[in-house]
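**Student:** What follows is a single structure, and I will ask about it in a moment.
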Amino acid sequence: MANVIQEGDGSPRIILSEPIGSTVEVLLYGAQVVSWKNEKREEMLFTTNKALWKPGKPVRGGISICFPQFSNLGSMEQPGFVRNRMWSLDSSPSPLPPANNQSTVDLMLKSTEEDLKSWPHRFELRMRISLSAGKLTVIPRVRNTDSKAFSFTFALCNYLSVSDIRFFSSLTRYSSCWCVKCVLRAWRHLTTLIICYKEKGTQQADAITFDGEIDRVYLYTPTKIAVIDHEKKRTFVLRKEGMPDAAVWNPWDKKAKAIPDFGDEDYKTMLCVDSASLETPIALKPCEEWKGRQELTAVSSSYCSGQLDPRKVLGFK
C-alpha cells in the first residue's frame with residue numbers, strides 16, 4: 001500500500017516510484033495526478049505555473065477526472081464535482097487484485113448527502129493508478145450503489161508537456177471516413193489519430209495546423225492516439241478502453257490571459273488530450289459497474305524528421 005505524505009502546502013499526496021527511477025505524484029484531493037517524471041527526471045505532464053497548491057483547490061494540469069459530467073454537457077458545475085472532493089485510499093479494490101507495492105495506488109470516492117444535492121444518484125468511483133518504466137496506467141471504475149439506474153459522461157483530462165504548440169499539426173495518416181457536426185467530428189475506420197510536431201518552414205497537405213485556440217471533441221476515435229513531439233524527440237502514445245471519444249484543448253494566447261489560474265505563456269508548452277465517453281452516456285443499473293482503462297506511454301522518437309515510422313512507435317507490424 002502506498003504511503004500518504006503531507007507536503008508543506010497542506011496537500012496530502014502519494015508518491016509512486018519504480019526501479020528504473022520514474023515517479024508519479026497523486027493528490028488525494030480530486031485523485032489528481034500532478035506529476036509524472038521519467039528516469040531522467042524530465043516532467044511528462046504540464047502543470048500551470050499559476051497553480052495555487054492550496055487545500056480545497058484543484059490544480060490546472062496533470063491528469064484530472066471529469067464525472068459525472070464533461071465540460072458544460074449538463075446542468076451541474078463544470079466539469080463535475082469529483083475533482084473537488086477529498087478521496088481516500090481503497091484497501092479493497094475487488095475485483096482488481098490488491099496493490100502490494102510502491103508503484104500502484106487505489107483511491108475511492110463514495111457519494112455523500114451533499115453530493116446528492118448536485119447529482120441525485122449514489123455511486124462509488126474508484127481509481128487505480130499504476131506506474132511502470134515509461135508507462136502510466138489509470139483504471140477508473142464507477143459502481144451504481146443506488147436503487148435506480150443512472151447515466152453519466154466521463155473523461156480523463158491529460159495535460160501533456162510539449163515543446164511549442166505553435167509548431168504542432170494534427171495528422172490523419174490512415175484511411176478515415178469522417179463527418180462534421182458543429183465542432184464535433186466523428187472519426188470512423190481510423191487506425192490511429194496522430195498529433196504531430198510540424199517542422200518549421202514546412203506544410204503538409206494532410207495536416208491541420210494549430211494556429212489558434214482549439215476546443216474540439218472527436219467522436220468514435222481510435223483506441224490509440226499519438227502525440228509526436230519532434231523538438232523533444234518524444235512521442236506520447238495514449239491507449240484507451242471504455243472511452244470511445246477524445247477531446248483536444250489549448251486556449252491559445254488571448255484566452256490564456258483570461259483564465260485566472262493559467263499563465264499568459266503556458267499555452268505554448270501544453271496540449272490537453274482527453275480520453276472520454278461523451279456522445280453516448282454510460283448507463284448503469286443498480287449494482288452494475290463500468291470500467292475504463294488508459295495507458296499513457298512516452299518513447300523516444302523523431303518521426304517528423306523522417307527517422308521514424310509512426311507504425312513502429314504505435315506497435316503495428
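Here's how to read the names in the C-alpha cells: chain A, B, ... by the order shown, residue numbers from 1 in each chain, ligand numbers from 1 in the order shown.
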Near Leu28 (chain A), within 7 Å and counting only C-alpha atoms, which residues show up once chain neighbours fewer than 6 positions away are dropped, as a PyMOL selection string?
**Tutor:** chain A and resi 12-13+86-88
**Student:** I'd like the neighbourhood of Phe154 (chain A) as a ChimeraX atom specification, where a residue qualifies if any of its atoms comes within 7 Å (using only C-alpha atoms), though same-chain residues fewer than 3 positions away should be ignored.
**Tutor:** /A:66-70,276-278
**Student:** For the atom pair CA of Val33 (chain A) and CA of Asp115 (chain A), what is the interatomic distance in Å to one decimal place?
**Tutor:**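 Spanning CA of Val33 (chain A) to CA of Asp115 (chain A) is a straight-line distance of 22.6 Å.
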**Student:** Extract, using only C-alpha atoms, all DNA, RNA and protein residues at most 8 Å from region 58-60 of chain A, discarding same-chain residues fewer than 2 positions from it, and format them as a list in words.
**Tutor:**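 Surrounding residues, per the criterion: Tyr29, Gly30, Val34, Thr47, Thr48, Ala51, Leu52, Trp53, Gly56, Gly62, Arg83, Asn84, Asp261 and Phe262 of chain A.
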**Student:** For Gln102 (chain A), find every residue with an atom within 10 Å (counting only C-alpha atoms), except residues of its own chain fewer than 2 positions away, and show them as a list in words.
**Tutor:**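 After dropping sequence-adjacent residues, the list is Met1, Ala2, Asn3, Ile14, Ile15, Leu16, Ser17, Glu18, Pro19, Ala99, Asn100, Thr104, Val105, Ser130 and Leu131 of chain A.
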**Student:** Generate the output file for the selected residues, N, CA, C and O atoms, as a PDB file, in the first residue's frame.
**Tutor:**
```
ATOM      1  N   MET A   1       0.850  -1.183   0.000  1.00  0.00           N
ATOM      2  CA  MET A   1       0.000   0.000   0.000  1.00  0.00           C
ATOM      3  C   MET A   1       0.892   1.242   0.000  1.00  0.00           C
ATOM      4  O   MET A   1       1.877   1.305   0.733  1.00  0.00           O
ATOM      5  N   ALA A   2       0.530   2.206  -0.804  1.00  0.00           N
ATOM      6  CA  ALA A   2       1.331   3.420  -0.901  1.00  0.00           C
ATOM      7  C   ALA A   2       1.170   4.264   0.361  1.00  0.00           C
ATOM      8  O   ALA A   2       0.161   4.207   1.062  1.00  0.00           O
ATOM      9  N   ASN A   3       2.200   5.059   0.642  1.00  0.00           N
ATOM     10  CA  ASN A   3       2.181   5.936   1.811  1.00  0.00           C
ATOM     11  C   ASN A   3       1.716   7.332   1.418  1.00  0.00           C
ATOM     12  O   ASN A   3       2.078   7.841   0.368  1.00  0.00           O
ATOM     13  N   ILE A  14       0.460  11.215  -2.654  1.00  0.00           N
ATOM     14  CA  ILE A  14       1.075   9.899  -2.704  1.00  0.00           C
ATOM     15  C   ILE A  14       2.173   9.937  -3.748  1.00  0.00           C
ATOM     16  O   ILE A  14       1.976  10.459  -4.861  1.00  0.00           O
ATOM     17  N   ILE A  15       3.331   9.392  -3.418  1.00  0.00           N
ATOM     18  CA  ILE A  15       4.455   9.307  -4.343  1.00  0.00           C
ATOM     19  C   ILE A  15       4.607   7.859  -4.777  1.00  0.00           C
ATOM     20  O   ILE A  15       4.806   6.964  -3.940  1.00  0.00           O
ATOM     21  N   LEU A  16       4.513   7.609  -6.064  1.00  0.00           N
ATOM     22  CA  LEU A  16       4.766   6.284  -6.621  1.00  0.00           C
ATOM     23  C   LEU A  16       6.143   6.297  -7.289  1.00  0.00           C
ATOM     24  O   LEU A  16       6.550   7.295  -7.874  1.00  0.00           O
ATOM     25  N   SER A  17       6.843   5.175  -7.213  1.00  0.00           N
ATOM     26  CA  SER A  17       8.152   5.074  -7.848  1.00  0.00           C
ATOM     27  C   SER A  17       8.342   3.661  -8.366  1.00  0.00           C
ATOM     28  O   SER A  17       7.654   2.723  -7.943  1.00  0.00           O
ATOM     29  N   GLU A  18       9.270   3.511  -9.310  1.00  0.00           N
ATOM     30  CA  GLU A  18       9.588   2.185  -9.841  1.00  0.00           C
ATOM     31  C   GLU A  18      11.105   2.071  -9.987  1.00  0.00           C
ATOM     32  O   GLU A  18      11.808   3.089  -9.949  1.00  0.00           O
ATOM     33  N   PRO A  19      11.640   0.867 -10.121  1.00  0.00           N
ATOM     34  CA  PRO A  19      13.099   0.655 -10.029  1.00  0.00           C
ATOM     35  C   PRO A  19      13.946   1.459 -11.012  1.00  0.00           C
ATOM     36  O   PRO A  19      15.081   1.817 -10.700  1.00  0.00           O
ATOM     37  N   ALA A  99      -3.279  -3.799  -4.306  1.00  0.00           N
ATOM     38  CA  ALA A  99      -1.978  -3.212  -4.620  1.00  0.00           C
ATOM     39  C   ALA A  99      -1.021  -3.528  -3.472  1.00  0.00           C
ATOM     40  O   ALA A  99      -1.304  -3.226  -2.319  1.00  0.00           O
ATOM     41  N   ASN A 100       0.118  -4.153  -3.780  1.00  0.00           N
ATOM     42  CA  ASN A 100       1.042  -4.556  -2.720  1.00  0.00           C
ATOM     43  C   ASN A 100       2.459  -4.064  -2.982  1.00  0.00           C
ATOM     44  O   ASN A 100       3.431  -4.665  -2.545  1.00  0.00           O
ATOM     45  N   THR A 104       1.791   1.308  -7.304  1.00  0.00           N
ATOM     46  CA  THR A 104       0.350   1.298  -7.574  1.00  0.00           C
ATOM     47  C   THR A 104      -0.391   1.839  -6.367  1.00  0.00           C
ATOM     48  O   THR A 104      -0.036   1.533  -5.225  1.00  0.00           O
ATOM     49  N   VAL A 105      -1.427   2.635  -6.639  1.00  0.00           N
ATOM     50  CA  VAL A 105      -2.292   3.096  -5.559  1.00  0.00           C
ATOM     51  C   VAL A 105      -3.741   2.996  -6.009  1.00  0.00           C
ATOM     52  O   VAL A 105      -4.057   3.224  -7.186  1.00  0.00           O
ATOM     53  N   SER A 130      -1.183   3.226 -11.721  1.00  0.00           N
ATOM     54  CA  SER A 130      -0.020   2.338 -11.686  1.00  0.00           C
ATOM     55  C   SER A 130       1.097   2.912 -12.538  1.00  0.00           C
ATOM     56  O   SER A 130       0.862   3.435 -13.637  1.00  0.00           O
ATOM     57  N   LEU A 131       2.306   2.762 -12.040  1.00  0.00           N
ATOM     58  CA  LEU A 131       3.499   3.269 -12.718  1.00  0.00           C
ATOM     59  C   LEU A 131       4.435   2.117 -13.039  1.00  0.00           C
ATOM     60  O   LEU A 131       4.700   1.253 -12.191  1.00  0.00           O
TER      61      LEU A 131
END
```
**Student:** Taking the DSSP secondary structure from the backbone, can you list the residues of region 2-53 of chain A that are strand (DSSP E), as a list in words?
**Tutor:**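 The residues of region 2-53 of chain A classed as strand (DSSP E) are Val4, Ile5, Gln6, Pro12, Arg13, Ile14, Ile15, Leu16, Ser17, Thr23, Val24, Glu25, Val26, Leu27, Gln32, Val33, Val34, Ser35, Trp36 and Lys37 of chain A.
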**Student:** Using only C-alpha atoms for the distances, tell me which of A:Leu125, A:Ile214, A:Leu238, A:Val227 is nearest to Leu107 (chain A).
**Tutor:**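 Closest to Leu107 (chain A), using only C-alpha atoms: A:Leu125.
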**Student:** With only C-alpha atoms as the atoms that count, which of A:Met108, A:Val162, A:Val138, A:Val24 lies nearest to Leu271 (chain A)?
**Tutor:** A:Val162
**Student:** Which is closer to Lys240 (chain A) than all the others in A:Gly212, A:Pro97, A:Pro140, A:Gly263, using only C-alpha atoms?
**Tutor:**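 Smallest separation from Lys240 (chain A) among the options: A:Pro140.
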**Student:** With only C-alpha atoms as the counted atoms, please give the residues lying no more than 6 Å from Glu295 (chain A), apart from itself and same-chain residues fewer than 4 positions off, as a PDB file with N, CA, C and O atoms, in the first residue's frame.
**Tutor:**
```pdb
ATOM      1  N   LEU A 136       2.316   5.021 -17.642  1.00  0.00           N
ATOM      2  CA  LEU A 136       1.415   5.405 -16.554  1.00  0.00           C
ATOM      3  C   LEU A 136       0.017   4.912 -16.906  1.00  0.00           C
ATOM      4  O   LEU A 136      -0.541   5.288 -17.935  1.00  0.00           O
ATOM      5  N   THR A 137      -0.537   4.048 -16.055  1.00  0.00           N
ATOM      6  CA  THR A 137      -1.838   3.429 -16.313  1.00  0.00           C
ATOM      7  C   THR A 137      -2.858   3.912 -15.298  1.00  0.00           C
ATOM      8  O   THR A 137      -2.575   3.956 -14.091  1.00  0.00           O
ATOM      9  N   LEU A 238      -1.228   7.240 -26.295  1.00  0.00           N
ATOM     10  CA  LEU A 238      -2.344   7.078 -25.376  1.00  0.00           C
ATOM     11  C   LEU A 238      -3.216   5.944 -25.886  1.00  0.00           C
ATOM     12  O   LEU A 238      -3.746   6.012 -26.996  1.00  0.00           O
ATOM     13  N   ARG A 239      -3.339   4.897 -25.093  1.00  0.00           N
ATOM     14  CA  ARG A 239      -4.216   3.769 -25.413  1.00  0.00           C
ATOM     15  C   ARG A 239      -5.378   3.783 -24.434  1.00  0.00           C
ATOM     16  O   ARG A 239      -5.172   3.936 -23.235  1.00  0.00           O
TER      17      ARG A 239
END
```
**Student:** As a PyMOL selection string, please: the residues near Ser64 (chain A) (cut-off 6 Å, only C-alpha atoms, same-chain neighbours under 5 positions excluded).
**Tutor:** chain A and resi 32+156-157
